[in-house]
>>> print(open('upload.txt').read())   # compact mmCIF, C-alpha atoms
# COMPACT_ATOMS: atom_id res chain seq x y z
CA MET Y 96 -309.97 21.02 -120.81
CA LYS Y 97 -313.00 19.72 -118.99
CA HIS Y 98 -312.28 16.18 -120.13
CA LYS Y 99 -308.68 16.42 -119.04
CA LEU Y 100 -309.79 17.49 -115.54
CA LEU Y 101 -312.14 14.52 -115.31
CA ILE Y 102 -309.34 12.20 -116.38
CA VAL Y 103 -307.02 13.64 -113.73
CA ILE Y 104 -309.67 13.35 -111.01
CA SER Y 105 -310.51 9.78 -112.04
CA THR Y 106 -306.83 8.85 -112.05
CA VAL Y 107 -306.34 10.31 -108.58
CA LEU Y 108 -309.42 8.52 -107.25
CA VAL Y 109 -308.33 5.19 -108.74
CA PHE Y 110 -304.85 5.66 -107.30
CA ALA Y 111 -306.25 6.54 -103.86
CA LEU Y 112 -308.58 3.54 -103.94
CA THR Y 113 -305.72 1.28 -104.97
CA VAL Y 114 -303.59 2.57 -102.08
CA VAL Y 115 -306.45 2.02 -99.59
CA LEU Y 116 -307.11 -1.49 -100.85
CA ALA Y 117 -303.39 -2.27 -100.71
CA LEU Y 118 -303.19 -1.02 -97.13
CA VAL Y 119 -306.26 -3.04 -96.14
CA TRP Y 120 -304.66 -6.12 -97.67
CA LEU Y 121 -301.20 -5.47 -96.21
CA LEU Y 122 -302.30 -4.36 -92.73
CA LYS Y 123 -303.74 -7.65 -91.56
CA ILE Y 124 -303.46 -9.22 -88.16
CA ARG Y 125 -300.64 -11.75 -88.39
CA TYR Y 126 -299.55 -12.20 -84.78
CA VAL Y 127 -301.27 -12.70 -81.44
CA GLU Y 128 -299.55 -12.55 -78.07
CA VAL Y 129 -301.29 -13.99 -75.01
CA ASN Y 130 -300.19 -13.50 -71.41
CA VAL Y 131 -301.98 -15.47 -68.68
CA VAL Y 132 -302.16 -15.04 -64.91
CA ALA Y 133 -303.67 -18.11 -63.28
CA GLN Y 134 -303.33 -20.64 -60.50
CA THR Y 135 -300.85 -23.41 -61.15
CA GLY Y 136 -302.41 -26.01 -63.40
CA TYR Y 137 -304.67 -23.63 -65.30
CA GLU Y 138 -302.17 -21.46 -67.17
CA GLN Y 139 -301.59 -23.67 -70.21
CA ALA Y 140 -305.23 -24.58 -70.75
CA LEU Y 141 -306.33 -20.96 -70.57
CA TYR Y 142 -303.47 -19.85 -72.82
CA GLU Y 143 -304.44 -22.39 -75.47
CA GLU Y 144 -308.10 -21.40 -75.28
CA ILE Y 145 -307.46 -17.67 -75.69
CA GLU Y 146 -304.81 -18.17 -78.38
CA SER Y 147 -307.19 -20.39 -80.31
CA VAL Y 148 -310.01 -17.84 -80.17
CA LEU Y 149 -307.76 -14.99 -81.29
CA SER Y 150 -306.18 -16.98 -84.11
CA LYS Y 151 -309.53 -18.22 -85.41
CA GLU Y 152 -311.39 -14.94 -85.17
CA TYR Y 153 -308.78 -12.30 -85.98
CA VAL Y 154 -305.66 -13.58 -87.74
CA GLY Y 155 -305.99 -12.55 -91.38
CA LYS Y 156 -308.50 -9.78 -90.68
CA SER Y 157 -307.76 -6.14 -91.43
CA TYR Y 158 -306.08 -4.30 -88.57
CA PHE Y 159 -308.62 -1.48 -88.94
CA PHE Y 160 -311.66 -3.74 -88.70
CA VAL Y 161 -310.69 -5.38 -85.38
CA SER Y 162 -311.88 -3.65 -82.20
CA GLU Y 163 -310.76 -4.16 -78.60
CA LYS Y 164 -314.39 -4.40 -77.49
CA ASP Y 165 -315.12 -7.23 -79.92
CA ILE Y 166 -312.03 -9.09 -78.69
CA ASP Y 167 -313.17 -8.57 -75.09
CA ASP Y 168 -316.65 -9.91 -75.86
CA LYS Y 169 -315.24 -12.98 -77.60
CA ILE Y 170 -312.79 -14.07 -74.89
CA THR Y 171 -315.04 -13.26 -71.92
CA ALA Y 172 -317.69 -15.62 -73.27
CA ASN Y 173 -315.86 -17.87 -70.83
CA PRO Y 174 -316.92 -16.39 -67.44
CA TYR Y 175 -313.61 -17.49 -65.87
CA VAL Y 176 -311.69 -15.05 -68.08
CA LYS Y 177 -310.95 -11.61 -66.64
CA VAL Y 178 -309.37 -9.22 -69.13
CA LYS Y 179 -306.48 -7.16 -67.77
CA GLU Y 180 -305.40 -5.59 -71.06
CA ILE Y 181 -306.19 -5.71 -74.77
CA LYS Y 182 -303.93 -3.81 -77.13
CA LYS Y 183 -303.63 -3.59 -80.90
CA VAL Y 184 -300.05 -2.94 -82.02
CA PHE Y 185 -299.70 -1.36 -85.45
CA PRO Y 186 -299.52 -2.76 -88.04
CA ASP Y 187 -300.33 -6.44 -87.47
CA LYS Y 188 -300.42 -7.59 -83.84
CA ILE Y 189 -302.84 -8.16 -80.96
CA ILE Y 190 -301.60 -8.39 -77.37
CA VAL Y 191 -303.95 -9.74 -74.71
CA GLU Y 192 -303.34 -10.18 -70.98
CA VAL Y 193 -305.93 -12.18 -69.05
CA GLU Y 194 -306.42 -13.57 -65.59
CA ARG Y 195 -308.35 -16.68 -64.62
CA ARG Y 196 -311.01 -15.89 -62.05
CA LYS Y 197 -310.57 -17.94 -58.88
CA GLU Y 198 -313.51 -19.77 -57.28
CA GLN Y 199 -313.94 -18.23 -53.82
CA PHE Y 200 -317.63 -18.24 -52.85
CA ALA Y 201 -320.55 -20.62 -53.23
CA ILE Y 202 -324.02 -19.14 -52.80
CA VAL Y 203 -326.12 -22.09 -51.68
CA TYR Y 204 -329.79 -21.82 -52.60
CA ASN Y 205 -332.42 -24.55 -53.07
CA LYS Y 206 -329.75 -27.28 -53.07
CA GLU Y 207 -327.79 -25.57 -55.85
CA PHE Y 208 -324.37 -23.95 -55.68
CA PHE Y 209 -323.72 -20.68 -57.50
CA ILE Y 210 -319.92 -20.41 -57.63
CA THR Y 211 -318.40 -16.92 -57.79
CA ASP Y 212 -314.97 -15.33 -57.67
CA GLY Y 213 -313.83 -12.72 -55.14
CA GLU Y 214 -315.69 -10.01 -57.06
CA TYR Y 215 -318.87 -12.14 -56.94
CA PHE Y 216 -318.90 -12.79 -60.68
CA LEU Y 217 -320.94 -15.93 -61.28
CA LEU Y 218 -318.64 -18.57 -62.75
CA LYS Y 219 -320.88 -21.61 -62.78
CA ARG Y 220 -324.02 -23.16 -61.35
CA THR Y 221 -324.13 -26.77 -60.15
CA ALA Y 222 -326.17 -29.14 -58.01
CA ASP Y 223 -323.11 -31.37 -57.56
CA GLU Y 224 -321.50 -30.57 -54.21
CA SER Y 225 -318.36 -32.46 -55.23
CA GLN Y 226 -317.61 -29.60 -57.63
CA VAL Y 227 -317.38 -27.16 -54.72
CA ASN Y 228 -313.78 -26.62 -53.66
CA GLY Y 229 -313.21 -27.13 -49.94
CA ALA Y 230 -311.51 -23.74 -49.64
CA ILE Y 231 -314.61 -21.93 -50.90
CA VAL Y 232 -316.65 -19.85 -48.43
CA ASN Y 233 -320.28 -21.00 -48.46
CA ILE Y 234 -323.01 -18.35 -48.31
CA THR Y 235 -326.18 -20.27 -47.44
CA LEU Y 236 -329.53 -18.61 -48.19
CA LEU Y 237 -332.38 -19.57 -45.86
CA ASP Y 238 -336.00 -18.37 -46.05
CA ILE Y 239 -335.23 -16.17 -49.04
CA GLN Y 240 -337.10 -15.87 -52.32
CA LEU Y 241 -334.48 -15.38 -54.99
CA ASP Y 242 -335.16 -15.15 -58.72
CA VAL Y 243 -332.40 -17.40 -60.04
CA SER Y 244 -333.03 -16.15 -63.58
CA THR Y 245 -331.28 -12.95 -62.47
CA LEU Y 246 -328.10 -14.92 -61.67
CA ILE Y 247 -326.22 -14.83 -64.98
CA GLU Y 248 -322.81 -16.37 -65.65
CA GLY Y 249 -320.21 -13.66 -66.12
CA LYS Y 250 -322.28 -11.09 -64.20
CA ALA Y 251 -321.71 -9.99 -60.59
CA ILE Y 252 -324.20 -10.98 -57.89
CA GLY Y 253 -325.18 -8.20 -55.51
CA TYR Y 254 -327.87 -5.74 -54.48
CA GLU Y 255 -329.66 -6.02 -57.83
CA ASN Y 256 -330.44 -9.67 -57.06
CA ASN Y 257 -331.29 -9.33 -53.36
CA VAL Y 258 -330.59 -6.61 -50.75
CA LEU Y 259 -329.41 -9.05 -48.07
CA VAL Y 260 -327.17 -10.87 -50.55
CA GLY Y 261 -325.73 -7.57 -51.78
CA SER Y 262 -325.15 -6.43 -48.19
CA THR Y 263 -323.35 -9.67 -47.41
CA THR Y 264 -321.01 -9.42 -50.38
CA GLU Y 265 -320.19 -5.79 -49.55
CA ILE Y 266 -319.52 -6.56 -45.87
CA PHE Y 267 -317.13 -9.35 -46.82
CA SER Y 268 -315.37 -7.08 -49.32
CA ASN Y 269 -314.95 -4.44 -46.61
CA LEU Y 270 -313.31 -6.86 -44.17
CA LYS Y 271 -309.55 -6.45 -44.09
CA ASP Y 272 -308.94 -10.15 -43.49
CA GLY Y 273 -312.16 -11.82 -44.60
CA PHE Y 274 -310.82 -15.14 -45.87
CA ASN Y 275 -308.76 -15.72 -42.73
CA LEU Y 276 -311.60 -14.60 -40.49
CA VAL Y 277 -314.77 -16.13 -41.93
CA ASP Y 278 -315.52 -19.85 -42.13
CA ARG Y 279 -319.06 -19.70 -43.55
CA ILE Y 280 -322.02 -17.35 -43.88
CA GLU Y 281 -325.77 -17.70 -43.41
CA ILE Y 282 -328.40 -15.27 -44.66
CA ILE Y 283 -331.70 -15.80 -42.83
CA GLY Y 284 -334.37 -13.93 -44.74
CA SER Y 285 -337.23 -14.47 -42.28
CA ARG Y 286 -335.22 -12.63 -39.59
CA ASN Y 287 -333.24 -10.28 -41.86
CA TRP Y 288 -330.06 -11.62 -40.29
CA VAL Y 289 -326.67 -12.18 -41.87
CA ARG Y 290 -324.42 -14.41 -39.79
CA PHE Y 291 -320.67 -14.62 -40.31
CA TYR Y 292 -319.38 -17.73 -38.53
CA THR Y 293 -315.74 -17.05 -37.76
CA LYS Y 294 -312.92 -19.57 -37.79
CA THR Y 295 -312.26 -18.78 -34.12
CA GLY Y 296 -315.82 -19.70 -33.11
CA VAL Y 297 -317.73 -16.50 -32.38
CA CYS Y 298 -320.62 -15.59 -34.70
CA ILE Y 299 -320.85 -12.03 -36.03
CA GLU Y 300 -324.52 -11.28 -36.66
CA PHE Y 301 -325.72 -8.27 -38.63
CA SER Y 302 -329.42 -7.54 -38.11
CA PHE Y 303 -331.05 -5.72 -41.01
CA THR Y 304 -334.46 -5.51 -39.36
CA PRO Y 305 -335.91 -2.10 -40.29
CA ILE Y 306 -336.50 0.48 -37.57
CA GLY Y 307 -339.95 -0.13 -36.08
CA GLY Y 308 -340.10 -3.64 -37.51
CA GLY Y 309 -341.25 -4.74 -40.93
CA GLU Y 310 -340.02 -7.31 -43.39
CA THR Y 311 -338.78 -5.29 -46.38
CA VAL Y 312 -335.15 -4.20 -46.24
CA GLU Y 313 -334.38 -1.15 -48.34
CA LYS Y 314 -330.94 -0.82 -49.92
CA GLU Y 315 -330.36 2.67 -48.49
CA PHE Y 316 -331.07 1.45 -44.94
CA ALA Y 317 -328.95 -1.68 -45.43
CA LYS Y 318 -325.97 0.41 -46.52
CA THR Y 319 -325.98 2.33 -43.22
CA ILE Y 320 -325.35 -1.00 -41.47
CA VAL Y 321 -322.81 -2.20 -44.02
CA ALA Y 322 -320.89 1.05 -43.43
CA LYS Y 323 -320.16 -0.18 -39.89
CA THR Y 324 -318.07 -3.13 -41.13
CA GLU Y 325 -314.72 -1.64 -40.14
CA GLU Y 326 -315.99 -0.83 -36.64
CA VAL Y 327 -317.35 -4.36 -36.30
CA GLU Y 328 -314.03 -5.89 -37.34
CA ASN Y 329 -312.18 -3.64 -34.87
CA PHE Y 330 -314.66 -4.68 -32.15
CA TYR Y 331 -313.97 -8.35 -32.93
CA ASN Y 332 -310.20 -7.80 -32.82
CA LYS Y 333 -310.48 -6.34 -29.32
CA LEU Y 334 -312.26 -9.39 -27.92
CA ASN Y 335 -310.23 -11.68 -25.69
CA GLU Y 336 -309.44 -15.22 -26.85
CA SER Y 337 -312.30 -16.72 -24.84
CA GLN Y 338 -314.84 -14.32 -26.37
CA LYS Y 339 -313.52 -14.96 -29.87
CA SER Y 340 -314.14 -18.68 -29.40
CA GLU Y 341 -317.88 -18.52 -28.60
CA GLY Y 342 -320.94 -16.32 -28.40
CA TYR Y 343 -322.15 -13.55 -30.67
CA VAL Y 344 -321.10 -10.13 -31.82
CA ILE Y 345 -324.45 -8.43 -32.45
CA VAL Y 346 -324.87 -5.53 -34.86
CA LEU Y 347 -328.35 -3.99 -34.81
CA THR Y 348 -330.23 -0.74 -35.26
CA LYS Y 349 -332.01 0.68 -32.23
CA ASP Y 350 -335.35 2.50 -32.45
CA SER Y 351 -333.41 5.76 -32.15
CA GLY Y 352 -331.59 4.91 -35.38
CA GLU Y 353 -328.27 4.31 -33.62
CA ILE Y 354 -326.39 1.21 -34.75
CA SER Y 355 -324.99 -0.69 -31.79
CA ILE Y 356 -322.26 -3.33 -31.63
CA SER Y 357 -322.23 -5.62 -28.62
CA TYR Y 358 -321.05 -9.03 -27.43
CA GLU Y 359 -323.30 -11.74 -25.96
CA THR Y 360 -322.33 -15.18 -24.75
CA GLU Y 361 -325.75 -16.60 -25.66
CA LYS Y 362 -328.56 -15.49 -27.92
CA ALA Y 363 -332.11 -16.71 -28.38
CA ASN Y 364 -332.81 -17.78 -31.94
>>> encode(input="upload.txt", output="structure tokens")
Amino acid sequence: MKHKLLIVISTVLVFALTVVLALVWLLKIRYVEVNVVAQTGYEQALYEEIESVLSKEYVGKSYFFVSEKDIDDKITANPYVKVKEIKKVFPDKIIVEVERRKEQFAIVYNKEFFITDGEYFLLKRTADESQVNGAIVNITLLDIQLDVSTLIEGKAIGYENNVLVGSTTEIFSNLKDGFNLVDRIEIIGSRNWVRFYTKTGVCIEFSFTPIGGGETVEKEFAKTIVAKTEEVENFYNKLNESQKSEGYVIVLTKDSGEISISYETEKAN
């Protein structure tokens, strides 16, 4: 009786193992579907790149041994790729929707250009100015010590790299019409100034000089100034055409801690 039970158990186990192995063999990735959102001229190249990666890495692999995270890691090795959706469809399909990140900013530091998208993800680094699209907004860093080893392709640039740089990116993101308003930006570290040179002519200057003076700008203090972005933009919109064409909109913190917004026709540098 005991032997019969062992035979039954062994038979069941062998059958179960056979079923599992059959499923593993049958449930393999056979199809990949790639959808691309990109500027005209980039769609086909990006489609071919992503399709090639998926076909090489996953077609023929077991459905159960393919993870969305692994797919994400593989295709975002290209910093220009932004994943919108990754979906496994039982029993044998992967669907991926991606977007090509658009070059929108160039952080200019020590004669190098760090090109980012609108979310400040670093796309590439170059010393060749001819690779900088004319429509890109330049953010020029002056008198700033920046550890370029912290600027990593595929990672966002912000407060973690430099408080003034992070403040600048957040201010621009908070503007309702930033790309139509701003021509170029300067960050002047020795003065703790961030200057937004508008397309109409007036310069919007944010002063991050700490209350009572000092050189170090703390993130918490900087964010109190950044929080005034909407008020600053509204102030600019209320200027007359003559004022919008010249002078300065000055944003600074008084000794009392109050943040003031004012207009000046001239300003001593």
>>> residues_around(input="upload.txt", residues="Y:Asn233", least_positions_apart="4", cutoff="10 Å", atoms="all atoms listed in the file", output="list in words")
Gln199, Phe200, Ala201, Ile202, Val203, Phe208, Phe209, Ile210, Val227, Gly229, Val277, Asp278, Arg279, Ile280 and Glu281 of chain Y
>>> residues_around(input="upload.txt", residues="Y:Tyr204", least_positions_apart="4", cutoff="9 Å", atoms="only C-alpha atoms", output="PDB file with C-alpha atoms, in the coordinates of the input")
ATOM      1  CA  PHE Y 208    -324.370 -23.950 -55.680  1.00  0.00           C
ATOM      2  CA  PHE Y 209    -323.720 -20.680 -57.500  1.00  0.00           C
ATOM      3  CA  ILE Y 234    -323.010 -18.350 -48.310  1.00  0.00           C
ATOM      4  CA  THR Y 235    -326.180 -20.270 -47.440  1.00  0.00           C
ATOM      5  CA  LEU Y 236    -329.530 -18.610 -48.190  1.00  0.00           C
ATOM      6  CA  LEU Y 237    -332.380 -19.570 -45.860  1.00  0.00           C
ATOM      7  CA  ILE Y 239    -335.230 -16.170 -49.040  1.00  0.00           C
ATOM      8  CA  LEU Y 241    -334.480 -15.380 -54.990  1.00  0.00           C
TER       9      LEU Y 241
END
>>> atom_distance(input="upload.txt", atom1="atom CA of Y:Arg125", atom2="atom CA of Y:Val178")
21.3 Å
>>> closest_atom_pairs(input="upload.txt", of="stretch 167-255 of chain Y", to="stretch 305-320 of chain Y", cutoff="12 Å", atoms="all atoms listed in the file", output="JSON lines")
{"residue": "Y:Ile239", "atom": "CA", "partner": "Y:Glu310", "partner_atom": "CA", "distance": 11.5}
{"residue": "Y:Gly253", "atom": "CA", "partner": "Y:Lys314", "partner_atom": "CA", "distance": 10.9}
{"residue": "Y:Tyr254", "atom": "CA", "partner": "Y:Lys314", "partner_atom": "CA", "distance": 7.4}
{"residue": "Y:Glu255", "atom": "CA", "partner": "Y:Lys314", "partner_atom": "CA", "distance": 9.6}
>>> write_last_selection(input="upload.txt", atoms="C-alpha atoms", output="compact mmCIF listing (two decimals), keeping the file's coordinate frame")
# COMPACT_ATOMS: atom_id res chain seq x y z
CA ILE Y 239 -335.23 -16.17 -49.04
CA GLY Y 253 -325.18 -8.20 -55.51
CA TYR Y 254 -327.87 -5.74 -54.48
CA GLU Y 255 -329.66 -6.02 -57.83
>>> closest_residue(input="upload.txt", among="Y:Thr324, Y:Thr360, Y:Asn130, Y:Asn329", to="Y:Glu192", atoms="all atoms listed in the file")
Y:Asn130
>>> residues_near_point(input="upload.txt", point="(-313.8, -6.7, -67.5)", cutoff="10 Å", atoms="all atoms listed in the file", output="ChimeraX atom specification")
/Y:167-168,171,176-180,193,249
>>> write_last_selection(input="upload.txt", atoms="C-alpha atoms", output="mmCIF file, keeping the file's coordinate frame")
data_model
loop_
_atom_site.group_PDB
_atom_site.id
_atom_site.type_symbol
_atom_site.label_atom_id
_atom_site.label_comp_id
_atom_site.auth_asym_id
_atom_site.auth_seq_id
_atom_site.Cartn_x
_atom_site.Cartn_y
_atom_site.Cartn_z
ATOM 1 C CA ASP Y 167 -313.170 -8.570 -75.090
ATOM 2 C CA ASP Y 168 -316.650 -9.910 -75.860
ATOM 3 C CA THR Y 171 -315.040 -13.260 -71.920
ATOM 4 C CA VAL Y 176 -311.690 -15.050 -68.080
ATOM 5 C CA LYS Y 177 -310.950 -11.610 -66.640
ATOM 6 C CA VAL Y 178 -309.370 -9.220 -69.130
ATOM 7 C CA LYS Y 179 -306.480 -7.160 -67.770
ATOM 8 C CA GLU Y 180 -305.400 -5.590 -71.060
ATOM 9 C CA VAL Y 193 -305.930 -12.180 -69.050
ATOM 10 C CA GLY Y 249 -320.210 -13.660 -66.120
#
>>> residues_near_point(input="upload.txt", point="(-334.0, -13.7, -62.1)", cutoff="12 Å", atoms="all atoms listed in the file", output="PDB file with C-alpha atoms, keeping the file's coordinate frame")
ATOM      1  CA  GLN Y 240    -337.100 -15.870 -52.320  1.00  0.00           C
ATOM      2  CA  LEU Y 241    -334.480 -15.380 -54.990  1.00  0.00           C
ATOM      3  CA  ASP Y 242    -335.160 -15.150 -58.720  1.00  0.00           C
ATOM      4  CA  VAL Y 243    -332.400 -17.400 -60.040  1.00  0.00           C
ATOM      5  CA  SER Y 244    -333.030 -16.150 -63.580  1.00  0.00           C
ATOM      6  CA  THR Y 245    -331.280 -12.950 -62.470  1.00  0.00           C
ATOM      7  CA  LEU Y 246    -328.100 -14.920 -61.670  1.00  0.00           C
ATOM      8  CA  ILE Y 247    -326.220 -14.830 -64.980  1.00  0.00           C
ATOM      9  CA  ILE Y 252    -324.200 -10.980 -57.890  1.00  0.00           C
ATOM     10  CA  GLU Y 255    -329.660  -6.020 -57.830  1.00  0.00           C
ATOM     11  CA  ASN Y 256    -330.440  -9.670 -57.060  1.00  0.00           C
ATOM     12  CA  ASN Y 257    -331.290  -9.330 -53.360  1.00  0.00           C
TER      13      ASN Y 257
END
>>> residues_around(input="upload.txt", residues="stretch 354-358 of chain Y", least_positions_apart="6", cutoff="6 Å", atoms="all atoms listed in the file", output="list in words")
Tyr343, Val344, Ile345, Val346, Leu347 and Thr348 of chain Y
>>> closest_residue(input="upload.txt", among="Y:Gly213, Y:Asn275, Y:Glu194, Y:Gly261", to="Y:Glu138", atoms="only C-alpha atoms")
Y:Glu194
>>> atom_distance(input="upload.txt", atom1="atom CA of Y:Ala133", atom2="atom CA of Y:Arg196")
7.8 Å
>>> residues_around(input="upload.txt", residues="Y:Glu341", least_positions_apart="3", cutoff="10 Å", atoms="all atoms listed in the file", output="list in words")
Thr293, Thr295, Gly296, Val297, Cys298, Glu336, Ser337, Gln338, Val344, Glu359, Thr360 and Glu361 of chain Y
>>> atom_distance(input="upload.txt", atom1="atom CA of Y:Glu224", atom2="atom CA of Y:Asp272")
26.3 Å
>>> decode(input="upload.txt", residues="stretch 152-171 of chain Y", atoms="N, CA, C and O atoms", output="mmCIF file, in the first residue's frame")
data_model
loop_
_atom_site.group_PDB
_atom_site.id
_atom_site.type_symbol
_atom_site.label_atom_id
_atom_site.label_comp_id
_atom_site.auth_asym_id
_atom_site.auth_seq_id
_atom_site.Cartn_x
_atom_site.Cartn_y
_atom_site.Cartn_z
ATOM 1 N N GLU Y 152 16.055 41.032 -26.906
ATOM 2 C CA GLU Y 152 16.132 40.689 -25.486
ATOM 3 C C GLU Y 152 14.998 39.794 -24.995
ATOM 4 O O GLU Y 152 15.185 39.029 -24.044
ATOM 5 N N TYR Y 153 13.817 39.871 -25.640
ATOM 6 C CA TYR Y 153 12.656 39.221 -25.023
ATOM 7 C C TYR Y 153 11.908 38.208 -25.890
ATOM 8 O O TYR Y 153 11.263 37.310 -25.338
ATOM 9 N N VAL Y 154 11.951 38.345 -27.197
ATOM 10 C CA VAL Y 154 11.250 37.369 -28.032
ATOM 11 C C VAL Y 154 11.888 35.991 -27.823
ATOM 12 O O VAL Y 154 13.098 35.818 -27.930
ATOM 13 N N GLY Y 155 11.050 35.018 -27.502
ATOM 14 C CA GLY Y 155 11.536 33.665 -27.236
ATOM 15 C C GLY Y 155 11.705 33.368 -25.761
ATOM 16 O O GLY Y 155 11.858 32.200 -25.373
ATOM 17 N N LYS Y 156 11.649 34.403 -24.915
ATOM 18 C CA LYS Y 156 11.763 34.183 -23.478
ATOM 19 C C LYS Y 156 10.395 33.859 -22.885
ATOM 20 O O LYS Y 156 9.366 34.254 -23.413
ATOM 21 N N SER Y 157 10.414 33.166 -21.760
ATOM 22 C CA SER Y 157 9.165 32.810 -21.089
ATOM 23 C C SER Y 157 8.418 34.068 -20.651
ATOM 24 O O SER Y 157 9.014 35.010 -20.111
ATOM 25 N N TYR Y 158 7.130 34.049 -20.870
ATOM 26 C CA TYR Y 158 6.260 35.171 -20.475
ATOM 27 C C TYR Y 158 6.440 35.492 -18.995
ATOM 28 O O TYR Y 158 6.468 36.660 -18.605
ATOM 29 N N PHE Y 159 6.599 34.446 -18.169
ATOM 30 C CA PHE Y 159 6.662 34.632 -16.721
ATOM 31 C C PHE Y 159 7.996 35.195 -16.249
ATOM 32 O O PHE Y 159 8.094 35.727 -15.141
ATOM 33 N N PHE Y 160 9.028 35.077 -17.070
ATOM 34 C CA PHE Y 160 10.356 35.522 -16.655
ATOM 35 C C PHE Y 160 10.725 36.889 -17.231
ATOM 36 O O PHE Y 160 11.880 37.314 -17.151
ATOM 37 N N VAL Y 161 9.740 37.586 -17.798
ATOM 38 C CA VAL Y 161 9.969 38.936 -18.340
ATOM 39 C C VAL Y 161 9.244 39.934 -17.448
ATOM 40 O O VAL Y 161 8.047 39.788 -17.189
ATOM 41 N N SER Y 162 9.957 40.929 -16.937
ATOM 42 C CA SER Y 162 9.343 41.925 -16.050
ATOM 43 C C SER Y 162 9.299 43.295 -16.727
ATOM 44 O O SER Y 162 10.176 43.648 -17.524
ATOM 45 N N GLU Y 163 8.269 44.072 -16.376
ATOM 46 C CA GLU Y 163 8.137 45.421 -16.917
ATOM 47 C C GLU Y 163 9.328 46.296 -16.516
ATOM 48 O O GLU Y 163 9.799 47.109 -17.298
ATOM 49 N N LYS Y 164 9.818 46.108 -15.301
ATOM 50 C CA LYS Y 164 10.951 46.920 -14.842
ATOM 51 C C LYS Y 164 12.194 46.661 -15.672
ATOM 52 O O LYS Y 164 12.934 47.585 -16.023
ATOM 53 N N ASP Y 165 12.434 45.383 -15.980
ATOM 54 C CA ASP Y 165 13.607 45.041 -16.791
ATOM 55 C C ASP Y 165 13.487 45.646 -18.191
ATOM 56 O O ASP Y 165 14.465 46.162 -18.737
ATOM 57 N N ILE Y 166 12.280 45.607 -18.749
ATOM 58 C CA ILE Y 166 12.050 46.223 -20.064
ATOM 59 C C ILE Y 166 12.332 47.722 -19.992
ATOM 60 O O ILE Y 166 13.010 48.296 -20.853
ATOM 61 N N ASP Y 167 11.803 48.355 -18.941
ATOM 62 C CA ASP Y 167 12.021 49.798 -18.737
ATOM 63 C C ASP Y 167 13.507 50.113 -18.680
ATOM 64 O O ASP Y 167 13.996 51.044 -19.336
ATOM 65 N N ASP Y 168 14.243 49.355 -17.883
ATOM 66 C CA ASP Y 168 15.691 49.597 -17.739
ATOM 67 C C ASP Y 168 16.415 49.460 -19.071
ATOM 68 O O ASP Y 168 17.329 50.241 -19.373
ATOM 69 N N LYS Y 169 16.016 48.465 -19.861
ATOM 70 C CA LYS Y 169 16.695 48.222 -21.136
ATOM 71 C C LYS Y 169 16.467 49.369 -22.122
ATOM 72 O O LYS Y 169 17.407 49.862 -22.743
ATOM 73 N N ILE Y 170 15.215 49.815 -22.275
ATOM 74 C CA ILE Y 170 14.935 50.796 -23.325
ATOM 75 C C ILE Y 170 15.288 52.226 -22.895
ATOM 76 O O ILE Y 170 15.543 53.071 -23.746
ATOM 77 N N THR Y 171 15.339 52.481 -21.584
ATOM 78 C CA THR Y 171 15.715 53.824 -21.137
ATOM 79 C C THR Y 171 17.224 53.966 -20.964
ATOM 80 O O THR Y 171 17.701 54.979 -20.449
#
